[in-house]
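A short write-up of the structure that comes next.
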Amino acid sequence: MAARRYDLPFSEDGSGRFLPWMIALMVYLAALASVAALAAREVVEQWNAGLEGSATVEIAPSPDDATTEERVAQVLEIVRAARGVESAEAVPAGDINRLLAPWLGTEIGGLPLPRLVDVKFRSGQAVDLRALSGALTRVSGARLDDHSLWRERLRTLGRTVQVAAIIIVELIAIAAGATVVFATRSGLAVHRELIELMHLIGSRDSYIARQFQNHAMSLALRGGLLGIALAAVTLGVIAIISRPIGDALVPGVSIGAATLAALAALPLIAAGIATLTARVTVLRTLRQMP
Amino acid sequence: MVRFQGVAMRYASGPEILHDISFNLEAGSYHFLTGASGAGKTSLLRLMYLANRATRGTVKVFGHDIGNTSRRALPALRRRIGVVFQEFRLLDHLSTRDNVALSLRIAGVKEDVIRAHVAELLSWVGLGDKLDSTPSTLSDGEKQRVAIARAVIGRPSLLIADEPTGSVDEAQGVRILRLFEELNRIGTTVVVATHDQRLLSKFNHRVLRLENGTLRIDGPAS
């Protein structure tokens, strides 16, 4: 990047020396907060998608296996006959045992476990869950779980994560603005005499403000690029470290082109904030000069 | 061109520096402003080059009553005034060329025009070979000539010089004042503040004499 010529000796004062580092830190934090929020939202969406369009019928166990199987068959018959149901399959007892094995061990053959019927609905078709639930009362111990409680909780979680991320990014932007105000005011104090001289040879406030805003933009852009580069490295390291455990705990998270563009724009946004803040600060301060 | 009527001035809540100053500078005139150190010469000049506003009275520059002129309108008036400051007030980080170009850049003049004018003017003041030097490498006399070049590059209607001969020897001082006479001959109104009475006596211009903040106007010094 070619050195920009300024009428004011910005390179000789320390007022803006820390600005790139502060902006780098803020862009770094903003990038991580954005990616964390995005990842959380995507995970929640994937979980939600898994729950949406499906329901589970739980059939309480009875001492007699034959009776239980009979009730499972009744449930399947009722569910399959309902409008909007695409499929209904009983989850094999072996699968349930396998799912519970990490908690209960493999020797659980004798335990009275409930049977589950996995129900898939046709997409885009309204299902009368109340009627289905009512029909299932004809089978003793059968209960329909349409996952609405979980879905609502996941929606709340998703919204909370998003709002928290927005608040964090806004706080970072405010902190960046405050940093620029501080640096600009220091610069104005340091260069007060030269600013008076520029006024006396006919400079308008906007000309002087342009000097400060271009300087702030250049520093913020430099800091922003450093911050986003550090964030990219950090995210890369996190991705490598989490790869072996990734899908076992959470569904895979991918960063799309739009998100990448938004992240790449962070240094530009930081530079924009710095430019605007410096300009407003200078113009407000100069207005008080003769 | 410049009219003061009953002007008084004080800095903030300090004592009054200038009292009841009245005078009129006609366009195209050449005046000296003299007085002992601390008499108020610089304060009077600051009012003339619009660095300060009068505490009392009326200051009119180019027909504008400065007391009633908005801050927004001042830059355009200031561009019609060239100022040679007592301590040069050059920007140390800029080259001679950029120091002189500054007032044109501020006025939004195109770079190619600036380049040509600056080189020509620096040659006129004898610094054609110092275009890329920075002020720290120049002698006081050279700095003074850079300051003069900066003051006149915008072809001001009014040229104000505060002790322009203070840091040069007498011969060089005379040369600087002759330079101002050249500008005066092409229509520039000139006001030169100096406490050097010997130098004053070599010229035949009207003298504004400040004594303890009050003004007396004399005829030509010689």
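By convention in this document, the chains of the structure tokens carry letters A, B, ... by their order, each chain's residues are numbered from 1, and ligands are numbered from 1 in the order they are shown.
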Contact residues around range 220-237 of chain A with only C-alpha atoms at 6 Å, ignoring same-chain residues under 6 positions, as a list in words: Pro20, Trp21, Ile23, Ala24, Leu25, Val27, Tyr28, Pro267 and Ala271 of chain A
Can you write out the residues you just picked, keeping all heavy atoms, as a PDB file, in the first residue's frame?
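Below you can see result12.pdb, which holds the result:
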ATOM      1  N   PRO A  20      -4.722   0.771  15.043  1.00  0.00           N
ATOM      2  CA  PRO A  20      -4.821  -0.469  14.257  1.00  0.00           C
ATOM      3  C   PRO A  20      -4.917  -1.714  15.141  1.00  0.00           C
ATOM      4  O   PRO A  20      -5.662  -2.644  14.825  1.00  0.00           O
ATOM      5  CB  PRO A  20      -3.523  -0.494  13.445  1.00  0.00           C
ATOM      6  CG  PRO A  20      -3.057   0.901  13.426  1.00  0.00           C
ATOM      7  CD  PRO A  20      -3.522   1.535  14.697  1.00  0.00           C
ATOM      8  N   TRP A  21      -4.189  -1.702  16.242  1.00  0.00           N
ATOM      9  CA  TRP A  21      -4.216  -2.877  17.128  1.00  0.00           C
ATOM     10  C   TRP A  21      -5.591  -3.037  17.780  1.00  0.00           C
ATOM     11  O   TRP A  21      -6.103  -4.148  17.911  1.00  0.00           O
ATOM     12  CB  TRP A  21      -3.116  -2.753  18.196  1.00  0.00           C
ATOM     13  CG  TRP A  21      -1.764  -2.687  17.570  1.00  0.00           C
ATOM     14  CD1 TRP A  21      -0.964  -1.582  17.439  1.00  0.00           C
ATOM     15  CD2 TRP A  21      -1.059  -3.759  16.918  1.00  0.00           C
ATOM     16  NE1 TRP A  21       0.183  -1.897  16.767  1.00  0.00           N
ATOM     17  CE2 TRP A  21       0.167  -3.230  16.432  1.00  0.00           C
ATOM     18  CE3 TRP A  21      -1.333  -5.097  16.706  1.00  0.00           C
ATOM     19  CZ2 TRP A  21       1.095  -3.995  15.753  1.00  0.00           C
ATOM     20  CZ3 TRP A  21      -0.402  -5.873  16.023  1.00  0.00           C
ATOM     21  CH2 TRP A  21       0.793  -5.319  15.562  1.00  0.00           C
ATOM     22  N   ILE A  23      -8.434  -1.900  16.607  1.00  0.00           N
ATOM     23  CA  ILE A  23      -9.400  -2.282  15.573  1.00  0.00           C
ATOM     24  C   ILE A  23      -9.204  -3.756  15.206  1.00  0.00           C
ATOM     25  O   ILE A  23     -10.175  -4.489  14.998  1.00  0.00           O
ATOM     26  CB  ILE A  23      -9.248  -1.380  14.320  1.00  0.00           C
ATOM     27  CG1 ILE A  23      -9.563   0.085  14.670  1.00  0.00           C
ATOM     28  CG2 ILE A  23     -10.138  -1.858  13.172  1.00  0.00           C
ATOM     29  CD1 ILE A  23     -10.992   0.389  14.983  1.00  0.00           C
ATOM     30  N   ALA A  24      -7.939  -4.176  15.152  1.00  0.00           N
ATOM     31  CA  ALA A  24      -7.655  -5.589  14.841  1.00  0.00           C
ATOM     32  C   ALA A  24      -8.326  -6.493  15.874  1.00  0.00           C
ATOM     33  O   ALA A  24      -8.997  -7.474  15.529  1.00  0.00           O
ATOM     34  CB  ALA A  24      -6.144  -5.833  14.832  1.00  0.00           C
ATOM     35  N   LEU A  25      -8.190  -6.131  17.140  1.00  0.00           N
ATOM     36  CA  LEU A  25      -8.785  -6.929  18.218  1.00  0.00           C
ATOM     37  C   LEU A  25     -10.310  -6.953  18.077  1.00  0.00           C
ATOM     38  O   LEU A  25     -10.949  -8.002  18.222  1.00  0.00           O
ATOM     39  CB  LEU A  25      -8.374  -6.332  19.576  1.00  0.00           C
ATOM     40  CG  LEU A  25      -8.927  -7.036  20.802  1.00  0.00           C
ATOM     41  CD1 LEU A  25      -8.335  -8.430  20.931  1.00  0.00           C
ATOM     42  CD2 LEU A  25      -8.635  -6.232  22.062  1.00  0.00           C
ATOM     43  N   VAL A  27     -12.207  -6.362  15.368  1.00  0.00           N
ATOM     44  CA  VAL A  27     -12.658  -7.105  14.180  1.00  0.00           C
ATOM     45  C   VAL A  27     -12.513  -8.608  14.442  1.00  0.00           C
ATOM     46  O   VAL A  27     -13.383  -9.398  14.077  1.00  0.00           O
ATOM     47  CB  VAL A  27     -11.859  -6.665  12.929  1.00  0.00           C
ATOM     48  CG1 VAL A  27     -12.049  -7.641  11.773  1.00  0.00           C
ATOM     49  CG2 VAL A  27     -12.294  -5.273  12.496  1.00  0.00           C
ATOM     50  N   TYR A  28     -11.433  -8.981  15.113  1.00  0.00           N
ATOM     51  CA  TYR A  28     -11.208 -10.382  15.467  1.00  0.00           C
ATOM     52  C   TYR A  28     -12.373 -10.900  16.321  1.00  0.00           C
ATOM     53  O   TYR A  28     -12.978 -11.931  16.024  1.00  0.00           O
ATOM     54  CB  TYR A  28      -9.880 -10.468  16.227  1.00  0.00           C
ATOM     55  CG  TYR A  28      -9.524 -11.832  16.763  1.00  0.00           C
ATOM     56  CD1 TYR A  28      -9.046 -12.833  15.922  1.00  0.00           C
ATOM     57  CD2 TYR A  28      -9.643 -12.109  18.118  1.00  0.00           C
ATOM     58  CE1 TYR A  28      -8.708 -14.072  16.419  1.00  0.00           C
ATOM     59  CE2 TYR A  28      -9.304 -13.351  18.624  1.00  0.00           C
ATOM     60  CZ  TYR A  28      -8.837 -14.330  17.770  1.00  0.00           C
ATOM     61  OH  TYR A  28      -8.508 -15.567  18.259  1.00  0.00           O
ATOM     62  N   PRO A 267     -13.553  -5.758   7.887  1.00  0.00           N
ATOM     63  CA  PRO A 267     -12.549  -4.671   7.883  1.00  0.00           C
ATOM     64  C   PRO A 267     -13.074  -3.406   7.217  1.00  0.00           C
ATOM     65  O   PRO A 267     -12.775  -2.297   7.653  1.00  0.00           O
ATOM     66  CB  PRO A 267     -11.381  -5.262   7.092  1.00  0.00           C
ATOM     67  CG  PRO A 267     -11.541  -6.730   7.198  1.00  0.00           C
ATOM     68  CD  PRO A 267     -13.019  -6.976   7.260  1.00  0.00           C
ATOM     69  N   ALA A 271     -13.495   0.169   8.890  1.00  0.00           N
ATOM     70  CA  ALA A 271     -12.924   1.377   8.271  1.00  0.00           C
ATOM     71  C   ALA A 271     -14.011   2.438   8.097  1.00  0.00           C
ATOM     72  O   ALA A 271     -13.770   3.634   8.306  1.00  0.00           O
ATOM     73  CB  ALA A 271     -12.297   1.025   6.933  1.00  0.00           C
TER      74      ALA A 271
END
Within 10 Å of Phe62 in chain B using only C-alpha atoms, minus same-chain residues under 4 positions, as a count of residues only: 10
Near-Ile168 in chain A list (12 Å; only C-alpha atoms; drop same-chain fewer than 6 positions) as a list of chain:residue names: A:Met26, A:Val27, A:Leu29, A:Ala30, A:Ala31, A:Leu32, A:Ala33, A:Ser34, A:Ala36, A:Ala37, A:Val161, A:Gln162, A:Ile174, A:Ala175
9 Å contact set for Gly158 in chain A, only C-alpha atoms, chain neighbours under 3 positions out, as a PyMOL selection string: chain A and resi 37+40-45+153-155+161-163
Counting only C-alpha atoms, chain A residues within 9 Å of chain B, as a ChimeraX atom specification: /A:6-9,12,194,196-205,207,287,290
Non-local contacts of range 203-216 of chain B (8 Å; only C-alpha atoms; under 4 positions in same chain excluded) as a PyMOL selection string: chain B and resi 17-22+30-36+38-41+199+220-222
